[in-house]
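K.L.:
Sending over structure_12.cif (mmCIF, N, CA and C atoms).
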```cif
data_upload
#
loop_
_atom_site.label_atom_id
_atom_site.label_comp_id
_atom_site.auth_asym_id
_atom_site.auth_seq_id
_atom_site.Cartn_x
_atom_site.Cartn_y
_atom_site.Cartn_z
N MET A 1 -12.45 -47.19 -9.70
CA MET A 1 -12.59 -46.85 -8.30
C MET A 1 -11.38 -46.01 -7.87
N THR A 2 -11.64 -44.90 -7.20
CA THR A 2 -10.57 -44.02 -6.74
C THR A 2 -9.96 -44.58 -5.47
N PRO A 3 -8.62 -44.69 -5.41
CA PRO A 3 -8.01 -45.18 -4.18
C PRO A 3 -8.26 -44.20 -3.04
N ARG A 4 -8.47 -44.75 -1.85
CA ARG A 4 -8.72 -43.94 -0.66
C ARG A 4 -7.45 -43.77 0.14
N LEU A 5 -7.23 -42.57 0.64
CA LEU A 5 -6.10 -42.34 1.54
C LEU A 5 -6.41 -42.96 2.89
N THR A 6 -5.39 -43.49 3.55
CA THR A 6 -5.62 -43.98 4.90
C THR A 6 -5.83 -42.78 5.82
N ALA A 7 -6.49 -43.01 6.94
CA ALA A 7 -6.73 -41.94 7.90
C ALA A 7 -5.41 -41.38 8.42
N GLU A 8 -4.47 -42.24 8.71
CA GLU A 8 -3.19 -41.78 9.25
C GLU A 8 -2.45 -40.91 8.24
N PHE A 9 -2.46 -41.29 6.98
CA PHE A 9 -1.80 -40.50 5.93
C PHE A 9 -2.46 -39.12 5.84
N TRP A 10 -3.80 -39.09 5.83
CA TRP A 10 -4.52 -37.82 5.74
C TRP A 10 -4.17 -36.93 6.93
N VAL A 11 -4.17 -37.50 8.14
CA VAL A 11 -3.86 -36.73 9.35
C VAL A 11 -2.47 -36.13 9.25
N HIS A 12 -1.47 -36.92 8.84
CA HIS A 12 -0.10 -36.39 8.74
C HIS A 12 0.00 -35.30 7.67
N ALA A 13 -0.69 -35.47 6.56
CA ALA A 13 -0.67 -34.46 5.50
C ALA A 13 -1.35 -33.18 5.98
N TYR A 14 -2.46 -33.31 6.69
CA TYR A 14 -3.18 -32.15 7.22
C TYR A 14 -2.32 -31.40 8.24
N LEU A 15 -1.67 -32.13 9.13
CA LEU A 15 -0.80 -31.50 10.13
C LEU A 15 0.36 -30.76 9.45
N ALA A 16 0.90 -31.33 8.39
CA ALA A 16 1.98 -30.67 7.65
C ALA A 16 1.47 -29.38 7.02
N ARG A 17 0.28 -29.42 6.45
CA ARG A 17 -0.31 -28.22 5.83
C ARG A 17 -0.54 -27.13 6.88
N LEU A 18 -1.02 -27.52 8.06
CA LEU A 18 -1.22 -26.57 9.14
C LEU A 18 0.11 -25.98 9.60
N ARG A 19 1.12 -26.83 9.72
CA ARG A 19 2.45 -26.37 10.13
C ARG A 19 3.00 -25.33 9.16
N LEU A 20 2.83 -25.57 7.87
CA LEU A 20 3.30 -24.63 6.85
C LEU A 20 2.59 -23.27 6.95
N ALA A 21 1.36 -23.28 7.45
CA ALA A 21 0.59 -22.04 7.61
C ALA A 21 0.77 -21.46 9.02
N ALA A 22 1.68 -22.04 9.81
CA ALA A 22 1.95 -21.60 11.18
C ALA A 22 0.70 -21.66 12.06
N VAL A 23 -0.07 -22.73 11.89
CA VAL A 23 -1.25 -22.97 12.71
C VAL A 23 -0.93 -24.14 13.65
N PRO A 24 -0.84 -23.89 14.97
CA PRO A 24 -0.51 -24.96 15.91
C PRO A 24 -1.62 -26.02 15.97
N ALA A 25 -1.22 -27.29 15.84
CA ALA A 25 -2.18 -28.39 15.87
C ALA A 25 -1.52 -29.64 16.42
N TYR A 26 -2.32 -30.46 17.08
CA TYR A 26 -1.82 -31.65 17.75
C TYR A 26 -2.82 -32.79 17.60
N VAL A 27 -2.33 -34.01 17.55
CA VAL A 27 -3.19 -35.18 17.60
C VAL A 27 -3.44 -35.45 19.08
N THR A 28 -4.69 -35.38 19.50
CA THR A 28 -5.01 -35.64 20.90
C THR A 28 -5.60 -37.04 21.11
N ALA A 29 -5.99 -37.69 20.02
CA ALA A 29 -6.46 -39.08 20.08
C ALA A 29 -6.16 -39.74 18.75
N ARG A 30 -5.46 -40.87 18.82
CA ARG A 30 -5.15 -41.64 17.61
C ARG A 30 -6.26 -42.66 17.37
N GLY A 31 -6.71 -42.71 16.14
CA GLY A 31 -7.72 -43.68 15.77
C GLY A 31 -7.12 -44.80 14.95
N ASP A 32 -7.96 -45.53 14.26
CA ASP A 32 -7.50 -46.60 13.38
C ASP A 32 -6.68 -46.01 12.25
N ALA A 33 -5.51 -46.59 12.01
CA ALA A 33 -4.58 -46.04 11.01
C ALA A 33 -5.14 -46.07 9.60
N THR A 34 -5.98 -47.04 9.30
CA THR A 34 -6.44 -47.16 7.92
C THR A 34 -7.81 -46.53 7.68
N ALA A 35 -8.75 -46.74 8.58
CA ALA A 35 -10.11 -46.33 8.27
C ALA A 35 -10.77 -45.48 9.35
N GLY A 36 -10.01 -44.95 10.29
CA GLY A 36 -10.62 -44.15 11.34
C GLY A 36 -11.18 -42.84 10.81
N ALA A 37 -12.26 -42.40 11.41
CA ALA A 37 -12.82 -41.09 11.08
C ALA A 37 -11.99 -40.02 11.80
N VAL A 38 -12.16 -38.76 11.39
CA VAL A 38 -11.37 -37.66 11.95
C VAL A 38 -12.31 -36.55 12.43
N VAL A 39 -12.03 -36.05 13.63
CA VAL A 39 -12.69 -34.85 14.15
C VAL A 39 -11.60 -33.81 14.35
N VAL A 40 -11.89 -32.58 13.91
CA VAL A 40 -10.96 -31.47 14.09
C VAL A 40 -11.59 -30.50 15.08
N LYS A 41 -10.89 -30.28 16.19
CA LYS A 41 -11.36 -29.32 17.20
C LYS A 41 -10.57 -28.03 17.02
N LEU A 42 -11.27 -26.92 16.98
CA LEU A 42 -10.67 -25.60 16.90
C LEU A 42 -10.91 -24.88 18.21
N ALA A 43 -9.82 -24.58 18.94
CA ALA A 43 -9.91 -23.77 20.16
C ALA A 43 -9.35 -22.39 19.83
N THR A 44 -10.16 -21.37 20.04
CA THR A 44 -9.74 -20.01 19.70
C THR A 44 -9.08 -19.29 20.88
N LEU A 45 -8.80 -20.03 21.93
CA LEU A 45 -8.04 -19.55 23.09
C LEU A 45 -8.74 -18.44 23.86
N ASP A 46 -10.07 -18.37 23.70
CA ASP A 46 -10.86 -17.41 24.47
C ASP A 46 -11.98 -18.13 25.23
N GLY A 47 -11.83 -19.46 25.36
CA GLY A 47 -12.83 -20.27 26.05
C GLY A 47 -13.84 -20.91 25.11
N ALA A 48 -13.84 -20.50 23.84
CA ALA A 48 -14.78 -21.04 22.86
C ALA A 48 -14.08 -22.06 21.97
N ALA A 49 -14.88 -22.95 21.40
CA ALA A 49 -14.32 -23.98 20.52
C ALA A 49 -15.40 -24.47 19.56
N LYS A 50 -14.94 -25.15 18.51
CA LYS A 50 -15.82 -25.82 17.55
C LYS A 50 -15.17 -27.16 17.22
N ALA A 51 -15.99 -28.13 16.92
CA ALA A 51 -15.49 -29.42 16.43
C ALA A 51 -16.15 -29.68 15.09
N PHE A 52 -15.34 -30.16 14.15
CA PHE A 52 -15.80 -30.44 12.79
C PHE A 52 -15.62 -31.92 12.50
N GLN A 53 -16.55 -32.48 11.72
CA GLN A 53 -16.42 -33.85 11.24
C GLN A 53 -16.75 -33.89 9.76
N ARG A 54 -16.20 -34.89 9.08
CA ARG A 54 -16.50 -35.03 7.65
C ARG A 54 -17.85 -35.70 7.47
N SER A 55 -18.54 -35.24 6.47
CA SER A 55 -19.85 -35.78 6.14
C SER A 55 -20.00 -35.72 4.62
N PHE A 56 -21.13 -36.18 4.13
CA PHE A 56 -21.43 -36.11 2.71
C PHE A 56 -22.55 -35.12 2.48
N ASP A 57 -22.37 -34.26 1.48
CA ASP A 57 -23.41 -33.34 1.08
C ASP A 57 -24.45 -34.14 0.31
N PRO A 58 -25.69 -34.22 0.79
CA PRO A 58 -26.69 -35.03 0.11
C PRO A 58 -26.99 -34.55 -1.31
N ALA A 59 -26.85 -33.26 -1.56
CA ALA A 59 -27.16 -32.72 -2.90
C ALA A 59 -26.11 -33.11 -3.92
N SER A 60 -24.84 -33.00 -3.52
CA SER A 60 -23.77 -33.24 -4.50
C SER A 60 -23.05 -34.58 -4.30
N GLY A 61 -23.18 -35.14 -3.10
CA GLY A 61 -22.44 -36.37 -2.80
C GLY A 61 -20.99 -36.11 -2.44
N ALA A 62 -20.59 -34.84 -2.43
CA ALA A 62 -19.20 -34.48 -2.11
C ALA A 62 -18.97 -34.58 -0.60
N ARG A 63 -17.73 -34.82 -0.24
CA ARG A 63 -17.37 -34.82 1.17
C ARG A 63 -17.20 -33.38 1.63
N VAL A 64 -17.81 -33.06 2.76
CA VAL A 64 -17.75 -31.71 3.31
C VAL A 64 -17.48 -31.80 4.81
N TRP A 65 -17.00 -30.72 5.39
CA TRP A 65 -16.79 -30.63 6.83
C TRP A 65 -17.99 -29.91 7.43
N VAL A 66 -18.58 -30.50 8.46
CA VAL A 66 -19.74 -29.92 9.14
C VAL A 66 -19.41 -29.76 10.62
N VAL A 67 -20.11 -28.84 11.28
CA VAL A 67 -19.89 -28.61 12.70
C VAL A 67 -20.55 -29.73 13.49
N LEU A 68 -19.76 -30.41 14.30
CA LEU A 68 -20.25 -31.45 15.21
C LEU A 68 -20.75 -30.81 16.50
N ALA A 69 -20.00 -29.82 17.00
CA ALA A 69 -20.36 -29.14 18.25
C ALA A 69 -19.67 -27.78 18.27
N GLU A 70 -20.29 -26.83 18.96
CA GLU A 70 -19.65 -25.53 19.17
C GLU A 70 -20.18 -24.92 20.45
N GLY A 71 -19.37 -24.09 21.04
CA GLY A 71 -19.74 -23.44 22.30
C GLY A 71 -18.51 -23.31 23.17
N SER A 72 -18.70 -23.54 24.46
CA SER A 72 -17.55 -23.48 25.36
C SER A 72 -16.62 -24.65 25.06
N GLU A 73 -15.36 -24.46 25.37
CA GLU A 73 -14.40 -25.55 25.12
C GLU A 73 -14.79 -26.80 25.89
N ALA A 74 -15.30 -26.64 27.11
CA ALA A 74 -15.72 -27.79 27.91
C ALA A 74 -16.87 -28.55 27.23
N ASP A 75 -17.83 -27.81 26.65
CA ASP A 75 -18.95 -28.45 25.96
C ASP A 75 -18.48 -29.20 24.72
N VAL A 76 -17.55 -28.60 23.98
CA VAL A 76 -17.03 -29.25 22.77
C VAL A 76 -16.22 -30.49 23.15
N ASP A 77 -15.41 -30.39 24.20
CA ASP A 77 -14.66 -31.56 24.67
C ASP A 77 -15.60 -32.69 25.09
N ALA A 78 -16.71 -32.35 25.74
CA ALA A 78 -17.68 -33.36 26.14
C ALA A 78 -18.30 -34.04 24.92
N ALA A 79 -18.60 -33.27 23.89
CA ALA A 79 -19.17 -33.84 22.66
C ALA A 79 -18.17 -34.78 21.99
N ILE A 80 -16.90 -34.40 21.98
CA ILE A 80 -15.87 -35.26 21.39
C ILE A 80 -15.72 -36.53 22.20
N THR A 81 -15.75 -36.41 23.52
CA THR A 81 -15.67 -37.60 24.38
C THR A 81 -16.82 -38.55 24.11
N ARG A 82 -18.03 -38.01 23.95
CA ARG A 82 -19.19 -38.85 23.61
C ARG A 82 -18.98 -39.54 22.26
N GLN A 83 -18.47 -38.79 21.30
CA GLN A 83 -18.23 -39.34 19.96
C GLN A 83 -17.21 -40.49 20.03
N ARG A 84 -16.15 -40.28 20.80
CA ARG A 84 -15.13 -41.33 20.97
C ARG A 84 -15.70 -42.54 21.70
N GLY A 85 -16.69 -42.33 22.55
CA GLY A 85 -17.35 -43.45 23.22
C GLY A 85 -18.09 -44.35 22.24
N HIS A 86 -18.57 -43.76 21.14
CA HIS A 86 -19.27 -44.51 20.09
C HIS A 86 -18.31 -45.06 19.04
N ASP A 87 -17.15 -44.40 18.89
CA ASP A 87 -16.21 -44.76 17.82
C ASP A 87 -14.78 -44.71 18.35
N ARG A 88 -14.28 -45.84 18.80
CA ARG A 88 -12.92 -45.90 19.36
C ARG A 88 -11.85 -45.72 18.28
N ASP A 89 -12.22 -45.80 17.02
CA ASP A 89 -11.27 -45.62 15.92
C ASP A 89 -11.12 -44.16 15.50
N LEU A 90 -11.75 -43.25 16.23
CA LEU A 90 -11.80 -41.84 15.88
C LEU A 90 -10.47 -41.13 16.17
N TRP A 91 -9.98 -40.38 15.18
CA TRP A 91 -8.83 -39.49 15.36
C TRP A 91 -9.36 -38.14 15.81
N VAL A 92 -8.64 -37.47 16.72
CA VAL A 92 -9.00 -36.12 17.13
C VAL A 92 -7.76 -35.24 16.97
N ILE A 93 -7.92 -34.18 16.19
CA ILE A 93 -6.87 -33.20 15.99
C ILE A 93 -7.34 -31.91 16.66
N GLU A 94 -6.49 -31.32 17.48
CA GLU A 94 -6.84 -30.05 18.11
C GLU A 94 -5.97 -28.94 17.53
N ILE A 95 -6.65 -27.87 17.12
CA ILE A 95 -5.99 -26.68 16.60
C ILE A 95 -6.19 -25.58 17.63
N GLU A 96 -5.12 -24.83 17.89
CA GLU A 96 -5.21 -23.66 18.76
C GLU A 96 -4.86 -22.44 17.92
N ASP A 97 -5.88 -21.65 17.59
CA ASP A 97 -5.65 -20.50 16.72
C ASP A 97 -6.66 -19.40 17.03
N ARG A 98 -6.16 -18.27 17.49
CA ARG A 98 -7.05 -17.15 17.83
C ARG A 98 -7.85 -16.66 16.62
N ALA A 99 -7.26 -16.78 15.43
CA ALA A 99 -7.93 -16.31 14.21
C ALA A 99 -8.97 -17.31 13.70
N GLY A 100 -9.02 -18.49 14.28
CA GLY A 100 -10.03 -19.48 13.88
C GLY A 100 -9.72 -20.22 12.59
N ARG A 101 -8.44 -20.30 12.22
CA ARG A 101 -8.07 -20.97 10.96
C ARG A 101 -8.03 -22.49 11.15
N THR A 102 -8.68 -23.19 10.25
CA THR A 102 -8.61 -24.66 10.22
C THR A 102 -8.06 -25.18 8.89
N LEU A 103 -8.15 -24.36 7.87
CA LEU A 103 -7.79 -24.72 6.49
C LEU A 103 -8.68 -25.81 5.90
N LEU A 104 -9.75 -26.18 6.59
CA LEU A 104 -10.63 -27.24 6.10
C LEU A 104 -11.38 -26.84 4.83
N ASP A 105 -11.45 -25.55 4.56
CA ASP A 105 -12.15 -25.09 3.35
C ASP A 105 -11.24 -25.06 2.13
N GLU A 106 -9.98 -25.45 2.28
CA GLU A 106 -9.04 -25.48 1.14
C GLU A 106 -9.25 -26.73 0.31
N ASP A 107 -8.90 -26.62 -0.96
CA ASP A 107 -9.01 -27.76 -1.87
C ASP A 107 -8.19 -28.93 -1.34
N GLY A 108 -8.73 -30.13 -1.53
CA GLY A 108 -8.01 -31.35 -1.16
C GLY A 108 -8.23 -31.81 0.26
N LEU A 109 -8.98 -31.07 1.06
CA LEU A 109 -9.19 -31.48 2.45
C LEU A 109 -10.57 -32.05 2.69
N GLY A 110 -11.38 -32.14 1.67
CA GLY A 110 -12.74 -32.67 1.83
C GLY A 110 -12.77 -34.14 2.02
#
```
Could I get this structure in the form of structure tokens?

P.N.:
Amino acid sequence: MTPRLTAEFWVHAYLARLRLAAVPAYVTARGDATAGAVVVKLATLDGAAKAFQRSFDPASGARVWVVLAEGSEADVDAAITRQRGHDRDLWVIEIEDRAGRTLLDEDGLG
């Protein structure tokens, strides 16, 4: 059995990776330190946003990032608020990047 990283460890490692790439990011909601799920919100600073959550690819069984919501920043914030209403252990990371970089497609972030 492969050991699982805690949610808090993953969040801190992800924030460090973003910092190294000069991508501004902040934790806007802390979830459960050990097993909380993570949502990454990308605000492109033009009024638009996307939120990503981890899921499993049914074909391969691999962990992948999928779009939870996209549109106006207000609509994405509302979707995240609804998600937090269902899952109080949810971590929310907000990225502010005009270029739309999340680094979620890099190896090791699935």

K.L.:
Written as a PyMOL selection string, what is the full residue list that the PyMOL selection byres (((chain A and resi 18 and name CA) around 12) and name CA) yields on the file shown?

P.N.:
chain A and resi 11-17+19-26+40+93-97+101-104+106+109

K.L.:
I'd like the contact shell of range 75-86 of chain A - 8 Å cut-off, only C-alpha atoms, skipping same-chain residues fewer than 5 positions apart - returned as a list in words.

P.N.:
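Residues near the query, excluding close chain neighbours: Val39, Lys41, Ala49, Lys50, Ala51, Leu68, Ala69 and Glu70 of chain A.
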
K.L.:
For a test of reading the model, state the distance in Å between CA of Ala62 in chain A and CA of Asp107 in chain A, rounded to one decimal.

P.N.:
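We find that CA of Ala62 in chain A and CA of Asp107 in chain A lie 12.2 Å from each other.
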
K.L.:
Could you check the closest approach to Trp10 in chain A for each of A:Trp65, A:Ala74, A:Ala59, A:Trp91 and tell me which residue wins, using only C-alpha atoms?

P.N.:
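The shortest atom-to-atom distance to Trp10 in chain A comes from A:Trp91.
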
K.L.:
Take the PyMOL selection byres ((chain A and resi 29) around 5), run it mentally on this structure, and tell me the resulting residues as a PDB file with N, CA and C atoms, in the coordinates of the input.

P.N.:
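The result, stored in result_32.pdb:
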```pdb
ATOM      1  N   VAL A  27      -2.330 -34.010  17.550  1.00  0.00           N
ATOM      2  CA  VAL A  27      -3.190 -35.180  17.600  1.00  0.00           C
ATOM      3  C   VAL A  27      -3.440 -35.450  19.080  1.00  0.00           C
ATOM      4  N   THR A  28      -4.690 -35.380  19.500  1.00  0.00           N
ATOM      5  CA  THR A  28      -5.010 -35.640  20.900  1.00  0.00           C
ATOM      6  C   THR A  28      -5.600 -37.040  21.110  1.00  0.00           C
ATOM      7  N   ARG A  30      -5.460 -40.870  18.820  1.00  0.00           N
ATOM      8  CA  ARG A  30      -5.150 -41.640  17.610  1.00  0.00           C
ATOM      9  C   ARG A  30      -6.260 -42.660  17.370  1.00  0.00           C
ATOM     10  N   GLY A  31      -6.710 -42.710  16.140  1.00  0.00           N
ATOM     11  CA  GLY A  31      -7.720 -43.680  15.770  1.00  0.00           C
ATOM     12  C   GLY A  31      -7.120 -44.800  14.950  1.00  0.00           C
ATOM     13  N   TRP A  91      -9.980 -40.380  15.180  1.00  0.00           N
ATOM     14  CA  TRP A  91      -8.830 -39.490  15.360  1.00  0.00           C
ATOM     15  C   TRP A  91      -9.360 -38.140  15.810  1.00  0.00           C
ATOM     16  N   VAL A  92      -8.640 -37.470  16.720  1.00  0.00           N
ATOM     17  CA  VAL A  92      -9.000 -36.120  17.130  1.00  0.00           C
ATOM     18  C   VAL A  92      -7.760 -35.240  16.970  1.00  0.00           C
TER      19      VAL A  92
END
```

K.L.:
Using only N, CA and C atoms for the distances, tell me which of A:Thr44, A:Ser60, A:Ser55, A:Thr34 is nearest to Glu8 in chain A.

P.N.:
A:Thr34

K.L.:
To one decimal in Å, tell me the separation between atom N of Phe9 in chain A and atom C of Arg54 in chain A.

P.N.:
16.4 Å

K.L.:
To one decimal place in Å, what is the distance between CA of Phe52 in chain A and CA of Asp89 in chain A?

P.N.:
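CA of Asp89 in chain A lies at a distance of 16.1 Å from CA of Phe52 in chain A.
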
K.L.:
Write down as a list in words the residues belonging to range 13-42 of chain A that are assigned helix (DSSP H, G or I) by DSSP computed on the backbone.

P.N.:
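Of range 13-42 of chain A, only Ala13, Tyr14, Leu15, Ala16, Arg17, Leu18, Arg19 and Leu20 of chain A fall in helix (DSSP H, G or I).
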
K.L.:
Restricting the calculation to only C-alpha atoms: of A:Thr6, A:Gln53, A:Pro58, A:Arg88, which residue gets closest to Ala35 in chain A?

P.N.:
A:Thr6

K.L.:
For Ala99 in chain A, which of A:Leu45, A:Val66, A:Val38, A:Ala33 is the closest residue, counting only C-alpha atoms?

P.N.:
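Among A:Leu45, A:Val66, A:Val38, A:Ala33, it is A:Leu45 that comes nearest to Ala99 in chain A.
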